[in-house]
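Quick look at upload.cif (mmCIF, C-alpha atoms):
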```
data_entry
#
loop_
_atom_site.label_atom_id
_atom_site.label_comp_id
_atom_site.auth_asym_id
_atom_site.auth_seq_id
_atom_site.Cartn_x
_atom_site.Cartn_y
_atom_site.Cartn_z
CA MET A 26 -17.75 4.65 -37.65
CA ALA A 27 -18.25 7.97 -39.41
CA LEU A 28 -19.08 9.30 -42.86
CA THR A 29 -16.38 11.13 -44.74
CA ALA A 30 -17.07 14.41 -46.51
CA ARG A 31 -17.59 12.46 -49.73
CA GLY A 32 -19.96 10.05 -47.99
CA SER A 33 -21.97 12.85 -46.41
CA GLY A 34 -22.34 14.59 -49.76
CA LEU A 35 -23.41 11.40 -51.52
CA LEU A 36 -25.94 10.60 -48.80
CA THR A 37 -27.41 14.10 -49.05
CA ALA A 38 -27.59 13.79 -52.83
CA ALA A 39 -29.35 10.42 -52.51
CA VAL A 40 -32.02 11.90 -50.25
CA VAL A 41 -32.55 14.91 -52.53
CA LEU A 42 -32.71 12.78 -55.69
CA LEU A 43 -35.16 10.33 -54.16
CA ALA A 44 -37.38 13.14 -52.89
CA ALA A 45 -37.30 14.96 -56.22
CA GLY A 46 -37.95 11.78 -58.24
CA VAL A 47 -40.96 10.84 -56.14
CA ARG A 48 -42.31 14.38 -55.94
CA PHE A 49 -42.06 15.21 -59.63
CA ALA A 50 -42.51 11.64 -60.96
CA TYR A 51 -39.07 11.37 -62.56
CA PRO A 52 -38.00 7.71 -62.48
CA GLU A 53 -34.47 8.61 -63.59
CA LEU A 54 -33.93 10.77 -60.50
CA THR A 55 -35.37 8.04 -58.31
CA LEU A 56 -32.99 5.51 -59.84
CA LEU A 57 -29.98 7.77 -59.30
CA GLY A 58 -31.01 8.40 -55.69
CA ALA A 59 -31.45 4.69 -55.03
CA ALA A 60 -28.03 3.96 -56.55
CA ALA A 61 -26.41 6.61 -54.36
CA GLY A 62 -28.14 5.24 -51.26
CA ALA A 63 -27.06 1.70 -52.16
CA ALA A 64 -23.45 2.89 -52.50
CA VAL A 65 -23.56 4.41 -49.02
CA GLY A 66 -25.11 1.22 -47.62
CA TYR A 67 -22.42 -0.90 -49.26
CA ALA A 68 -19.73 1.38 -47.78
CA VAL A 69 -21.24 1.03 -44.29
CA THR A 70 -21.31 -2.77 -44.65
CA VAL A 71 -17.68 -2.96 -45.75
CA ALA A 72 -16.43 -0.61 -43.03
CA ALA A 73 -18.44 -2.42 -40.36
CA TRP A 74 -16.40 -5.61 -40.86
CA ARG A 75 -14.05 -5.91 -37.92
CA PRO A 76 -10.85 -7.82 -38.56
CA ARG A 77 -9.70 -10.25 -35.87
CA LEU A 78 -6.35 -8.94 -34.72
CA THR A 79 -4.21 -9.72 -31.70
CA VAL A 80 -1.83 -6.98 -30.53
CA THR A 81 1.11 -7.58 -28.19
CA ARG A 82 3.69 -5.06 -27.00
CA SER A 83 7.14 -5.32 -25.53
CA ALA A 84 9.12 -2.34 -24.22
CA ASP A 85 12.90 -2.66 -24.31
CA PRO A 86 13.40 -1.58 -21.60
CA ASP A 87 10.24 -0.39 -19.85
CA ARG A 88 12.19 1.71 -17.32
CA VAL A 89 15.01 3.99 -18.39
CA GLY A 90 16.80 7.09 -17.22
CA ARG A 91 16.14 10.38 -18.93
CA GLY A 92 17.96 10.53 -22.24
CA GLU A 93 18.65 6.79 -22.43
CA PRO A 94 17.39 4.80 -25.45
CA ALA A 95 14.12 2.89 -25.24
CA ALA A 96 12.15 1.11 -27.93
CA MET A 97 8.69 -0.38 -28.31
CA GLU A 98 8.14 -3.57 -30.31
CA LEU A 99 4.59 -4.02 -31.58
CA THR A 100 3.39 -7.34 -32.99
CA VAL A 101 0.04 -7.56 -34.83
CA ARG A 102 -1.31 -11.00 -35.72
CA ASN A 103 -4.24 -11.74 -38.01
CA THR A 104 -6.22 -14.41 -36.14
CA GLY A 105 -8.92 -14.62 -38.81
CA ARG A 106 -9.27 -17.68 -41.05
CA LEU A 107 -10.69 -16.40 -44.33
CA ARG A 108 -9.62 -12.95 -45.40
CA PRO A 109 -6.25 -11.19 -45.52
CA VAL A 110 -5.97 -7.78 -43.86
CA ASN A 111 -5.07 -4.64 -45.77
CA LEU A 112 -5.53 -1.77 -43.33
CA LEU A 113 -4.08 1.48 -42.09
CA ALA A 114 -3.13 1.51 -38.42
CA GLU A 115 -1.70 4.15 -36.11
CA ASP A 116 -0.14 3.63 -32.73
CA ARG A 117 0.04 6.27 -30.00
CA CYS A 118 3.34 6.95 -28.25
CA GLY A 119 2.52 9.63 -25.73
CA ASP A 120 1.23 12.53 -27.84
CA ARG A 121 2.96 11.32 -31.01
CA PRO A 122 1.21 9.21 -33.68
CA VAL A 123 3.24 6.34 -35.15
CA PRO A 124 2.03 4.82 -38.47
CA VAL A 125 1.92 1.00 -38.57
CA PRO A 126 1.22 -0.42 -42.05
CA LEU A 127 -0.80 -3.65 -42.21
CA LEU A 128 -0.52 -4.57 -45.88
CA ARG A 129 -1.64 -8.00 -47.09
CA LEU A 130 -1.51 -9.57 -43.64
CA ARG A 131 -2.64 -13.13 -44.37
CA PRO A 132 -4.65 -15.26 -41.90
CA GLY A 133 -2.45 -16.72 -39.19
CA ARG A 134 0.46 -14.41 -40.03
CA ASP A 135 1.87 -11.53 -38.01
CA THR A 136 3.89 -8.40 -38.62
CA THR A 137 6.21 -6.53 -36.29
CA ALA A 138 6.90 -2.81 -36.01
CA ARG A 139 9.63 -1.32 -33.84
CA TYR A 140 10.09 2.35 -33.04
CA ASP A 141 11.87 4.52 -30.50
CA VAL A 142 10.13 5.90 -27.43
CA PRO A 143 10.99 9.54 -26.61
CA THR A 144 12.89 9.81 -23.32
CA VAL A 145 14.02 13.42 -23.43
CA ARG A 146 11.73 14.32 -20.52
CA ARG A 147 11.03 12.65 -17.19
CA GLY A 148 7.59 11.11 -16.93
CA VAL A 149 5.43 8.14 -17.80
CA VAL A 150 5.03 7.67 -21.55
CA ARG A 151 1.77 5.87 -22.34
CA VAL A 152 2.04 3.79 -25.50
CA GLY A 153 -1.13 2.56 -27.18
CA PRO A 154 -3.74 1.53 -27.98
CA LEU A 155 -3.38 0.67 -31.66
CA GLN A 156 -5.99 2.50 -33.75
CA VAL A 157 -6.98 0.49 -36.84
CA ALA A 158 -8.83 2.49 -39.52
CA ARG A 159 -10.86 0.76 -42.21
CA ARG A 160 -12.28 2.49 -45.30
CA ASP A 161 -14.48 1.27 -48.11
CA PRO A 162 -13.14 1.33 -51.68
CA LEU A 163 -15.12 4.48 -52.50
CA GLY A 164 -13.91 6.38 -49.45
CA LEU A 165 -17.41 7.09 -48.14
CA VAL A 166 -17.16 5.64 -44.59
CA VAL A 167 -14.24 5.31 -42.22
CA SER A 168 -14.21 3.10 -39.13
CA ALA A 169 -11.52 3.33 -36.42
CA ARG A 170 -11.29 0.80 -33.59
CA PRO A 171 -8.74 0.39 -30.80
CA TYR A 172 -6.82 -2.86 -30.44
CA GLY A 173 -4.69 -3.87 -27.48
CA GLY A 174 -4.10 -2.01 -24.26
CA THR A 175 -1.75 0.71 -23.07
CA VAL A 176 1.79 0.00 -21.92
CA PRO A 177 3.67 2.56 -19.77
CA VAL A 178 7.34 3.35 -20.22
CA TRP A 179 8.80 4.89 -17.06
CA VAL A 180 11.37 7.61 -17.76
CA TYR A 181 13.32 8.20 -14.55
CA PRO A 182 15.12 11.40 -13.58
CA ARG A 183 18.78 11.57 -14.42
CA VAL A 184 20.90 10.13 -11.61
CA HIS A 185 24.15 11.86 -10.66
CA PRO A 186 26.88 9.85 -8.90
CA LEU A 187 27.21 10.42 -5.15
CA ASP A 188 30.54 9.20 -3.86
CA ALA A 189 29.66 9.64 -0.18
CA VAL A 190 26.56 8.59 1.70
CA PRO A 191 26.41 10.41 5.06
CA THR A 192 26.16 8.26 8.15
CA GLY A 193 22.96 7.99 10.08
CA ALA A 194 22.33 8.07 13.80
CA GLY A 195 21.47 4.86 15.56
CA ARG A 196 19.74 4.91 18.94
CA SER A 197 20.94 2.29 21.39
CA LEU A 198 18.90 0.87 24.25
CA ASP A 199 20.77 2.85 26.90
CA GLY A 200 19.73 6.15 25.35
CA HIS A 201 22.89 7.08 23.45
CA VAL A 202 22.78 8.26 19.85
CA ASP A 203 25.80 7.14 17.86
CA ALA A 204 26.86 7.70 14.27
CA VAL A 205 26.67 4.34 12.51
CA PRO A 206 27.48 4.03 8.82
CA HIS A 207 26.10 0.51 8.37
CA GLY A 208 24.29 -0.48 11.55
CA SER A 209 25.21 -3.17 14.04
CA ILE A 210 24.28 -6.83 14.50
CA THR A 211 22.85 -8.00 17.83
CA PHE A 212 21.84 -11.48 19.02
CA ASP A 213 18.09 -11.93 19.04
CA SER A 214 17.05 -15.59 19.46
CA LEU A 215 17.77 -19.24 18.67
CA ARG A 216 15.98 -21.48 16.20
CA GLU A 217 16.32 -24.95 14.71
CA TYR A 218 18.88 -25.59 12.00
CA VAL A 219 17.58 -25.51 8.41
CA ILE A 220 19.46 -26.90 5.44
CA GLY A 221 21.43 -24.04 3.94
CA ASP A 222 22.27 -22.26 7.21
CA GLU A 223 25.93 -21.43 7.72
CA LEU A 224 27.69 -23.64 10.26
CA CYS A 225 29.40 -20.64 11.80
CA ARG A 226 25.99 -19.56 13.13
CA VAL A 227 25.40 -22.83 15.00
CA HIS A 228 25.26 -22.40 18.78
CA TRP A 229 27.08 -25.59 19.79
CA ARG A 230 26.50 -25.37 23.55
CA THR A 231 22.72 -25.12 23.16
CA SER A 232 22.76 -27.76 20.42
CA ALA A 233 24.53 -30.23 22.77
CA ARG A 234 22.03 -29.51 25.54
CA VAL A 235 18.82 -29.93 23.49
CA GLY A 236 20.08 -32.71 21.22
CA GLN A 237 19.60 -30.94 17.85
CA LEU A 238 21.37 -28.21 15.94
CA MET A 239 20.37 -24.66 16.90
CA VAL A 240 21.46 -21.52 15.05
CA ARG A 241 21.66 -17.91 16.19
CA GLU A 242 19.22 -15.30 14.84
CA ASN A 243 20.67 -11.79 14.71
CA VAL A 244 18.88 -8.50 14.22
CA ASP A 245 20.15 -5.13 13.04
CA THR A 246 19.21 -2.77 15.86
CA SER A 247 20.82 0.47 14.71
CA LEU A 248 20.67 0.54 10.93
CA PRO A 249 20.48 4.22 9.89
CA ARG A 250 17.34 5.16 8.04
CA PHE A 251 17.00 7.98 5.51
CA VAL A 252 13.82 9.91 4.70
CA VAL A 253 13.80 11.96 1.49
CA LEU A 254 10.98 14.53 1.39
CA LEU A 255 10.34 15.99 -2.07
CA ASP A 256 8.51 19.31 -2.21
CA ASN A 257 6.05 19.04 -5.11
CA ARG A 258 4.03 22.14 -4.25
CA ALA A 259 3.57 24.50 -7.16
CA ALA A 260 4.33 27.49 -4.92
CA ALA A 261 7.82 26.12 -4.18
CA HIS A 262 8.70 26.19 -7.88
CA PRO A 263 7.50 29.54 -9.23
CA ASP A 264 9.49 29.54 -12.49
CA ARG A 265 7.37 27.09 -14.46
CA SER A 266 7.21 26.38 -18.15
CA GLY A 267 4.10 24.37 -18.88
CA ALA A 268 3.21 21.73 -16.32
CA SER A 269 6.68 21.44 -14.78
CA ALA A 270 9.59 23.60 -13.66
CA SER A 271 13.35 23.29 -14.03
CA SER A 272 13.81 23.51 -10.25
CA PHE A 273 11.36 20.64 -9.71
CA GLU A 274 13.16 18.51 -12.31
CA ALA A 275 16.42 19.21 -10.46
CA CYS A 276 14.78 18.16 -7.17
CA CYS A 277 13.66 14.90 -8.78
CA GLU A 278 17.23 14.27 -9.98
CA ALA A 279 18.59 14.94 -6.51
CA ALA A 280 16.03 12.61 -4.91
CA ALA A 281 16.80 9.84 -7.40
CA SER A 282 20.53 10.25 -6.76
CA ILE A 283 20.12 9.96 -2.99
CA VAL A 284 17.81 6.94 -3.25
CA THR A 285 20.20 5.13 -5.59
CA ALA A 286 23.29 5.94 -3.52
CA ALA A 287 21.61 4.77 -0.31
CA HIS A 288 20.55 1.52 -1.96
CA ARG A 289 24.06 0.85 -3.24
CA ALA A 290 25.32 1.38 0.31
CA ASP A 291 22.67 -1.12 1.51
CA LEU A 292 20.92 1.50 3.65
CA PRO A 293 17.12 1.75 3.93
CA VAL A 294 15.63 4.90 2.43
CA LEU A 295 12.06 6.16 2.28
CA LEU A 296 10.78 8.61 -0.33
CA LEU A 297 7.86 10.91 0.50
CA LEU A 298 6.15 13.71 -1.38
CA VAL A 299 4.80 16.76 0.41
CA THR A 300 1.50 16.36 -1.43
CA GLU A 301 0.66 12.71 -2.02
CA ARG A 302 -1.93 11.93 -4.66
CA ALA A 303 -4.79 9.58 -3.84
CA GLY A 304 -3.54 6.00 -3.73
CA SER A 305 0.15 6.91 -3.90
CA ALA A 306 0.89 7.48 -0.23
CA VAL A 307 3.09 5.08 1.69
CA PRO A 308 0.74 2.86 3.71
CA ALA A 309 2.84 2.57 6.85
CA ALA A 310 6.30 3.35 8.13
CA GLU A 311 7.28 -0.28 8.47
CA ASN A 312 6.69 -0.80 4.75
CA GLY A 313 9.27 1.80 3.82
CA ASP A 314 12.08 -0.66 3.13
CA ALA A 315 10.02 -2.63 0.63
CA VAL A 316 8.79 0.52 -1.07
CA ALA A 317 12.27 2.01 -1.20
CA ARG A 318 14.09 -1.04 -2.48
CA GLY A 319 11.39 -2.22 -4.87
CA GLY A 320 12.07 0.50 -7.43
CA VAL A 321 15.87 0.37 -7.44
CA ARG A 322 17.09 -3.20 -7.19
CA GLY A 323 16.07 -4.39 -10.66
CA TRP A 324 17.57 -1.31 -12.28
CA VAL A 325 20.90 -1.72 -10.52
CA ARG A 326 21.10 -5.36 -11.66
CA ARG A 327 20.32 -4.52 -15.28
CA ARG A 328 22.67 -1.55 -15.37
CA ALA A 329 25.45 -3.67 -13.83
CA ARG A 330 25.10 -6.11 -16.72
CA ARG A 331 25.20 -3.30 -19.28
CA ARG A 332 28.15 -1.37 -17.78
CA PRO A 333 31.17 -2.25 -15.68
CA ALA A 334 30.71 -2.03 -11.94
CA GLY A 335 31.54 1.36 -10.51
CA ASP A 336 30.13 3.54 -13.29
CA GLY A 337 28.31 6.28 -11.48
CA ASP A 338 26.59 7.97 -14.40
CA ALA A 339 23.90 5.33 -14.72
CA SER A 340 20.32 5.98 -13.72
CA PRO A 341 18.20 3.37 -11.93
CA SER A 342 15.33 1.32 -13.16
CA GLY A 343 12.71 -0.27 -10.99
CA GLU A 344 11.15 -3.66 -10.83
CA ASP A 345 7.70 -4.45 -12.20
CA SER A 346 5.91 -2.86 -9.25
CA PRO A 347 4.91 0.76 -9.95
CA GLY A 348 5.17 1.56 -6.25
CA GLY A 349 8.98 1.91 -6.18
CA PRO A 350 10.49 5.31 -5.41
CA LEU A 351 11.89 5.85 -8.90
CA ASP A 352 8.51 5.01 -10.43
CA ARG A 353 6.96 7.58 -8.15
CA LEU A 354 9.59 10.14 -9.14
CA ALA A 355 8.85 9.49 -12.80
CA ALA A 356 5.14 10.11 -12.21
CA ALA A 357 5.57 13.03 -9.78
CA GLU A 358 3.85 16.26 -10.74
CA LEU A 359 3.43 19.71 -9.26
CA VAL A 360 0.29 20.11 -7.17
CA ALA A 361 -1.35 23.42 -6.25
CA GLU A 362 -1.72 22.75 -2.51
CA ASP A 363 0.38 25.41 -0.85
CA ASP A 364 -0.56 24.55 2.76
CA ALA A 365 0.33 20.85 2.60
CA LEU A 366 3.83 21.22 4.10
CA ARG A 367 2.53 21.96 7.61
CA ALA A 368 0.43 18.78 7.69
CA THR A 369 3.29 16.70 6.27
CA THR A 370 5.82 17.92 8.84
CA THR A 371 3.33 17.27 11.63
CA ARG A 372 2.97 13.68 10.46
CA LEU A 373 6.73 13.26 10.16
CA ARG A 374 7.20 14.57 13.69
CA SER A 375 4.72 12.09 15.15
CA ASP A 376 5.78 9.05 13.08
CA ARG A 377 9.58 9.49 13.25
CA LEU A 378 10.19 7.47 10.13
CA GLY A 379 13.99 7.70 10.31
CA ASP A 380 16.97 9.49 11.79
CA THR A 381 18.19 11.45 8.74
CA LEU A 382 15.81 13.76 6.88
CA VAL A 383 16.62 15.33 3.49
CA PHE A 384 14.18 18.01 2.33
CA LEU A 385 14.38 18.99 -1.36
CA THR A 386 12.58 22.15 -2.44
CA GLY A 387 12.73 25.02 -4.90
CA PRO A 388 13.37 28.76 -4.50
CA GLY A 389 9.77 29.34 -3.44
CA GLY A 390 10.09 26.98 -0.47
CA ARG A 391 12.62 29.05 1.46
CA GLY A 392 9.93 30.83 3.38
CA ASP A 393 8.65 27.54 4.83
CA LEU A 394 11.95 26.21 6.18
CA GLY A 395 10.74 26.95 9.70
CA HIS A 396 8.37 23.96 9.47
CA VAL A 397 11.29 21.74 8.49
CA GLY A 398 13.52 23.17 11.21
CA ALA A 399 10.92 22.11 13.79
CA LEU A 400 11.72 18.48 12.93
CA ARG A 401 15.26 18.65 14.34
CA GLY A 402 14.01 17.25 17.63
CA ALA A 403 12.59 14.14 15.96
CA TYR A 404 15.36 13.68 13.37
CA PRO A 405 18.96 14.08 14.59
CA SER A 406 20.13 15.04 11.08
CA VAL A 407 18.17 17.41 8.86
CA VAL A 408 19.55 18.68 5.54
CA VAL A 409 17.76 20.98 3.10
CA GLY A 410 18.50 21.16 -0.61
CA VAL A 411 17.31 24.27 -2.46
CA LEU A 412 17.45 23.54 -6.20
CA GLY A 413 17.24 26.08 -8.99
CA ALA A 414 18.35 28.89 -6.67
CA ALA A 415 19.71 32.01 -8.35
CA GLU A 416 21.18 33.26 -5.08
CA PRO A 417 22.28 31.50 -1.88
CA THR A 418 19.98 31.00 1.06
CA PRO A 419 20.62 33.48 3.89
CA PRO A 420 22.88 31.93 6.55
CA GLY A 421 21.25 30.58 9.68
CA ALA A 422 17.93 29.81 8.03
CA ALA A 423 16.05 27.82 10.66
CA ALA A 424 19.47 26.59 11.94
CA LEU A 425 19.60 24.00 9.15
CA VAL A 426 22.31 22.69 6.87
CA VAL A 427 21.29 24.07 3.47
CA ILE A 428 22.72 23.02 0.10
CA ASP A 429 22.09 25.60 -2.65
CA ALA A 430 22.49 24.28 -6.17
CA ALA A 431 21.42 25.35 -9.63
CA ASP A 432 20.72 21.81 -10.86
CA GLY A 433 21.07 18.15 -9.96
CA ALA A 434 24.76 17.97 -10.90
CA GLY A 435 25.56 20.90 -8.65
CA PHE A 436 23.66 19.30 -5.79
CA ALA A 437 25.66 16.07 -6.20
CA ALA A 438 28.93 18.02 -6.05
CA GLU A 439 27.85 19.82 -2.87
CA TRP A 440 26.51 16.59 -1.36
CA ASP A 441 29.85 14.82 -1.70
CA GLY A 442 31.39 17.55 0.40
CA ILE A 443 29.18 16.54 3.33
CA SER A 444 30.08 13.08 4.56
CA ARG A 445 28.98 13.41 8.18
CA TRP A 446 26.30 15.63 9.68
#
```

Entire entry expressed as structure tokens:
Amino acid sequence: MALTARGSGLLTAAVVLLAAGVRFAYPELTLLGAAAGAAVGYAVTVAAWRPRLTVTRSADPDRVGRGEPAAMELTVRNTGRLRPVNLLAEDRCGDRPVPVPLLRLRPGRDTTARYDVPTVRRGVVRVGPLQVARRDPLGLVVSARPYGGTVPVWVYPRVHPLDAVPTGAGRSLDGHVDAVPHGSITFDSLREYVIGDELCRVHWRTSARVGQLMVRENVDTSLPRFVVLLDNRAAAHPDRSGASASSFEACCEAAASIVTAAHRADLPVLLLLVTERAGSAVPAAENGDAVARGGVRGWVRRRARRRPAGDGDASPSGEDSPGGPLDRLAAAELVAEDDALRATTTRLRSDRLGDTLVFLTGPGGRGDLGHVGALRGAYPSVVVGVLGAAEPTPPGAAALVVIDAADGAGFAAEWDGISRW
């Protein structure tokens, strides 16, 4: 609650008139000062009344690709029983104010406002809370209170279609390393039959011996695993405009394209950032599948319903969990920690999270490719993508396969030319 300029002037005049009337024994001045003070008191009482409002929000959808339409539906309900509401309200959509008129909202009634959410840039758009301003009839006091919470709308990087997903390298028990596009199935154990199991999995010989149905349990022993390492160091993206850089946006598009293509091929993929913020790091290597698939599966299902199967220009949307890889790409930001790559590569070398490593960086990261080249012993396949490069990377850089591209679309075109590493 705050006094307006008019209210401050009237309050000052009330004090001066009261002081002058008492000091010089002018009852007329005292009466005018008391009237002015009473007006300010009445304004404070009127503005202090807090209407009982219930605010609900619904984003349609709450996860979209960059440039795709998204809308926010806001419903305000007057839960009071006596007085109608006639207020001015303003919602916050990122940095943009959105006026929401609440005119003659009767008790028990609601009103709905719908507006577009800007999706021209990748990021997390915070919508809310609703700011309700109340003024007295004289315009002396204004009171603004927040109603409802904040709802995020995740704007994912643009996804470019990748027609080919390179094969991984599966390690067998006898020490060989083979190229396997989709893994292999190996017998693991037997268990009791459960309603819903396929009869083709019943092991009839064991079932006849033990007197009850037993089914085979298989395990995928050589499923290729992809690790996508996104370089979010500020030094790797020197050409910045504001808080981001065009090369970093291109890296995010490339990472989103690889994650989506691997998911569509039913291959596990793990997304890592060179500099992880507090609370955003992947807890353990064995949780990579859940983290990787959690942010893609719901988007693929929704996009499949909106477009015919096979359209490659769609961009993924995650499930409700904000820990999915596309959610993390939407929230990714440049961090000024230039020495973080050495520690990250050391951890990758010791953990061995997969067999195919894709490192995405900007023009400023070329000088650190030696740290990535040292991972070739732990990862049979290592590919580097340099996005936003004005000139090609010198040949033979750290003996790595390097893809130079100006943007995400160029990276996708170069990627499709590499089907096996």

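Distance annotation: of A:Thr300, A:Ser214, A:Ser168, A:Thr386, the residue with the minimal separation from Ala270 of chain A is A:Thr386; atom set is only C-alpha atoms.
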
Handout entry: Long-range neighbours of segment 227-242 of chain A as a ChimeraX atom specification, 6 Å cut-off, only C-alpha atoms, 6 positions minimum in chain
Key = /A:213-218

Practice task
Tell me which protein, DNA and RNA residues are within 6 Å of segment 400-404 of chain A, counting only C-alpha atoms, leaving out same-chain ones fewer than 5 positions away, and put them as a ChimeraX atom specification.
Solution key: /A:374,380-381

Exercise for the section: Any chance you could resolve the PyMOL selection byres ((chain A and resi 128-142) around 9) against this file and give the residues as number ranges by chain? Expected result: A: 79, 84, 94-113, 118-119, 123, 125-127, 143-144, 150, 152, 178

Can you spit out the residues from that selection as an mmCIF file, in the frame of the given file, using C-alpha atoms?
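Result written to selection_28.cif:
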```
data_model
loop_
_atom_site.group_PDB
_atom_site.id
_atom_site.type_symbol
_atom_site.label_atom_id
_atom_site.label_comp_id
_atom_site.auth_asym_id
_atom_site.auth_seq_id
_atom_site.Cartn_x
_atom_site.Cartn_y
_atom_site.Cartn_z
ATOM 1 C CA THR A 79 -4.210 -9.720 -31.700
ATOM 2 C CA ALA A 84 9.120 -2.340 -24.220
ATOM 3 C CA PRO A 94 17.390 4.800 -25.450
ATOM 4 C CA ALA A 95 14.120 2.890 -25.240
ATOM 5 C CA ALA A 96 12.150 1.110 -27.930
ATOM 6 C CA MET A 97 8.690 -0.380 -28.310
ATOM 7 C CA GLU A 98 8.140 -3.570 -30.310
ATOM 8 C CA LEU A 99 4.590 -4.020 -31.580
ATOM 9 C CA THR A 100 3.390 -7.340 -32.990
ATOM 10 C CA VAL A 101 0.040 -7.560 -34.830
ATOM 11 C CA ARG A 102 -1.310 -11.000 -35.720
ATOM 12 C CA ASN A 103 -4.240 -11.740 -38.010
ATOM 13 C CA THR A 104 -6.220 -14.410 -36.140
ATOM 14 C CA GLY A 105 -8.920 -14.620 -38.810
ATOM 15 C CA ARG A 106 -9.270 -17.680 -41.050
ATOM 16 C CA LEU A 107 -10.690 -16.400 -44.330
ATOM 17 C CA ARG A 108 -9.620 -12.950 -45.400
ATOM 18 C CA PRO A 109 -6.250 -11.190 -45.520
ATOM 19 C CA VAL A 110 -5.970 -7.780 -43.860
ATOM 20 C CA ASN A 111 -5.070 -4.640 -45.770
ATOM 21 C CA LEU A 112 -5.530 -1.770 -43.330
ATOM 22 C CA LEU A 113 -4.080 1.480 -42.090
ATOM 23 C CA CYS A 118 3.340 6.950 -28.250
ATOM 24 C CA GLY A 119 2.520 9.630 -25.730
ATOM 25 C CA VAL A 123 3.240 6.340 -35.150
ATOM 26 C CA VAL A 125 1.920 1.000 -38.570
ATOM 27 C CA PRO A 126 1.220 -0.420 -42.050
ATOM 28 C CA LEU A 127 -0.800 -3.650 -42.210
ATOM 29 C CA PRO A 143 10.990 9.540 -26.610
ATOM 30 C CA THR A 144 12.890 9.810 -23.320
ATOM 31 C CA VAL A 150 5.030 7.670 -21.550
ATOM 32 C CA VAL A 152 2.040 3.790 -25.500
ATOM 33 C CA VAL A 178 7.340 3.350 -20.220
#
```

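Residues in contact with Pro293 of chain A at 7 Å, where only C-alpha atoms are counted and same-chain residues fewer than 5 positions away are skipped, are listed as A:Arg250, A:Phe251, A:Ala287, A:His288, A:Asp314.
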
Handout entry: Distance query Ala268 of chain A at most 10 Å, only C-alpha atoms, self and fewer than 5 positions along chain excluded, as a VMD selection string
Key = chain A and resid 259 358 to 360

Practice task
Identify all residues satisfying the PyMOL selection byres ((chain A and resi 171-175) around 9) in the given file; provide them as an NGL selection string.
Solution key: :A and (78-82 or 151-158 or 169-170 or 176-177)
